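Worksheet: the structure to be examined is printed underneath.
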Amino acid sequence: MRSSSERETSPSSSATPRRPFRRRLDRWAATQWGGKGTALLAILAGAALLRAVGIQYGLPFGNLLNPDEQSIVPRAWKLVHGGGGDPHWFDYPTLLMYVNAPFQAWQAHPSYLTARIVAVALGLGAIAAAWWLGRRAYGTGVVPAAVVAVCTIHVMYSRAAVTDVPLTLGVAVALALLVRGRIEFAGVAVGLATGFKYPGVFLLVPLVVAGWGRWGRLAAGIVLAIAAFLASSPFVLVHRHQAWHQARHVQRLARDGWLGFEHDHAAPFAFVDRLWHGLGPVLIICALGLVVAFVRRTRTDLILAAFVLAYFIDLLTLRAHFDRYVLPLVPPLGALAGRFRSLAPVALLLLVVPLTWSIRDAKRLTRTDTRVIAHRWVEQHVRPGTHVAADPSTPPFERLDVLHLALPGPKRAFDPERNVARLRRQGIRYVIVTGFVTDRVLAARSDYPREASFYDALRRRTKLIFHLEPGDGRAGPWVSIYRL
């Protein structure tokens, strides 16, 4: 009789190819959750499922889920359909357009669904990068990855082909490289993050912290950051005056404020509130981790705290308190929360709160947007070529001659087209408005008296021929159509 070792090494034994597999299986079964890689895969799978729900919301229109999509996707499509590599537009850098362009190559028209699938992939990349950041920073990636995975803001913007989630991915990768001491590679990541969205430039602060005293490597990292940014958005050099003007214009709009934030809290409280609505009570553990980082001041602590502090200080200069602005803070805050190994079960339990919020938001996105229904009504009841005026946030009406009313906002000039008598003189037959603009104007009537008077005049001096409210399987704002 042969020994077990003979049987294991015999070429004729059928057990030969199975033994290594069984040993690996036994090792996997002996580890909690099947190993760290399995935990990450489980988080990514759950995050992908959560983000897939509602990904088709508002389609085929690209401005209903997020109006910024119509600034990115058509330009990405044009790059591979005869437009060349120059977008001739620099409100945002060019990298996200370049990332989307190959996937638009086989589309006859700009495909928002394809771009949203790319956005989900980038969102999952940000979760994996947060895991990596947590592992390199404090030895565990479960908490930071889970924090990013269920953050309501990250979930929402992972479905939209906009720049905020890609910037968050770049932030997590750059910080992980800095924590590892890979200053040169981190410089490249800083440049690419800025190539997604200009605020990535604040990653230069932790880059300087990580490279302090190693001046040669720090200089190389900064040079590589500049080179990576210019490689990802090369035409900012060709049109440097236009790019500078448009980038400053976007920043000035954010600093002046935006419609809907007139009665918001001061910036420090407003953005902490946004973080709370994104993360829930786990934000307390994140804040505790940040405090400990300032107290202990290890190299890792200083890198993460430096970025959080520098970025948050910039947020304090803004009067437009959009929730997406806090997204780059989520991976480092998640990593700081993960530093407390003993609190990891508590943190994961607290994440049930934002998870339930994200599920609630996803459920809403499974409904039909009111503006899609309104568009169908217009297609059926308004003759092609009819002159209409439309507020922002309405779907495009290709068959009509549309006068687009300007969005009101702080320090913005009054749009003279917001006058019923003037519209009648111009031959406008219908005016289409939604609650997204109207309700915000009326809530800040003292800030927008002339705009509020326009909506009052629509109700008093015109005929309401269509009105639709959300509810009964519908999402979105109310929509009204007036005949002049």
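Identifiers in this document derive from the order of the structure tokens: chains are assigned A, B, ..., residues are numbered from 1 separately in each chain, and ligands are numbered from 1 in order of occurrence.
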TODO: Enumerate as a PyMOL selection string all residues of region 350-424 of chain A assigned to strand (DSSP E) by DSSP on the backbone, naming them with the chain letters and numbers the document uses.
DONE: chain A and resi 368-369+387-390+401-404
Could you save the residues just selected, with C-alpha atoms, as a compact mmCIF listing (two decimals), in the first residue's frame?
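File again08.txt, as written:
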# COMPACT_ATOMS: atom_id res chain seq x y z
CA THR A 368 -40.88 58.21 -13.76
CA ASP A 369 -39.81 61.84 -13.64
CA HIS A 387 -42.54 79.29 -29.84
CA VAL A 388 -42.26 78.44 -26.14
CA ALA A 389 -40.25 79.72 -23.19
CA ALA A 390 -38.81 77.22 -20.72
CA ASP A 401 -38.64 76.82 -30.95
CA VAL A 402 -37.49 77.26 -27.34
CA LEU A 403 -36.47 80.46 -25.59
CA HIS A 404 -34.41 79.36 -22.60
So which residues touch Ala344 (chain A) within 10 Å, counting only C-alpha atoms, skipping near sequence neighbours fewer than 6 positions away, as a PDB file with N, CA and C atoms, in the first residue's frame?
ATOM      1  N   THR A 140      -6.386  48.751   8.145  1.00  0.00           N
ATOM      2  CA  THR A 140      -7.685  48.145   7.868  1.00  0.00           C
ATOM      3  C   THR A 140      -8.420  48.969   6.825  1.00  0.00           C
ATOM      4  N   VAL A 142     -11.744  47.978   5.744  1.00  0.00           N
ATOM      5  CA  VAL A 142     -13.172  47.673   5.745  1.00  0.00           C
ATOM      6  C   VAL A 142     -14.007  48.920   6.032  1.00  0.00           C
ATOM      7  N   VAL A 143     -13.648  49.647   7.088  1.00  0.00           N
ATOM      8  CA  VAL A 143     -14.450  50.812   7.476  1.00  0.00           C
ATOM      9  C   VAL A 143     -14.428  51.900   6.410  1.00  0.00           C
ATOM     10  N   ILE A 285     -17.479  59.365  14.701  1.00  0.00           N
ATOM     11  CA  ILE A 285     -16.230  58.603  14.793  1.00  0.00           C
ATOM     12  C   ILE A 285     -15.186  59.189  13.849  1.00  0.00           C
ATOM     13  N   ALA A 337     -11.729  57.244  10.591  1.00  0.00           N
ATOM     14  CA  ALA A 337     -12.647  56.477  11.428  1.00  0.00           C
ATOM     15  C   ALA A 337     -12.152  55.046  11.609  1.00  0.00           C
ATOM     16  N   GLY A 338     -11.480  54.507  10.599  1.00  0.00           N
ATOM     17  CA  GLY A 338     -11.001  53.126  10.663  1.00  0.00           C
ATOM     18  C   GLY A 338      -9.804  52.911  11.551  1.00  0.00           C
ATOM     19  N   LEU A 350     -23.284  51.615  12.587  1.00  0.00           N
ATOM     20  CA  LEU A 350     -23.826  52.957  12.347  1.00  0.00           C
ATOM     21  C   LEU A 350     -24.039  53.224  10.861  1.00  0.00           C
TER      22      LEU A 350
END
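With only C-alpha atoms as the atoms that count, the residue of A:Gln380, A:Arg319, A:Gly334, A:Val209 with the shortest distance to Arg297 (chain A) is A:Val209.
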Of A:Thr462, A:Gln246, A:Thr394, A:Ser158, the one nearest to Leu49 (chain A) when counting only C-alpha atoms is A:Ser158
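Closest approach to Glu398 (chain A) from the set A:Thr366, A:Arg299, A:Phe61, A:Thr194 is made by A:Phe61, with distances taken over only C-alpha atoms.
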Distance query region 405-407 of chain A at most 12 Å, only C-alpha atoms, self and fewer than 2 positions along chain excluded, as a ChimeraX atom specification = /A:258-260,388-394,402-403,409-419,423,431-433,436-438,440-441,448,451,454
Env of Gly85 (chain A): 10 Å cut, atoms = only C-alpha atoms, seq-sep filter 3 positions within chain, self excluded. Answer as a PyMOL selection string.
chain A and resi 75-76+78-80+82+88+94+97-98+101+233-235
Of A:Leu59, A:Ile481, A:Leu290, A:Ala108, the one sitting nearest Val382 (chain A) when using only C-alpha atoms is A:Ile481
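Among the candidates A:Val238, A:Arg450, A:Leu64, A:Val53, the residue lying nearest to Thr434 (chain A) is A:Leu64 (atoms considered: only C-alpha atoms).
Between Ile428 (chain A) and the residues A:Leu167, A:Ala374, A:Ile465, A:Leu484, the shortest atom-to-atom distance, using only C-alpha atoms, involves A:Leu484.
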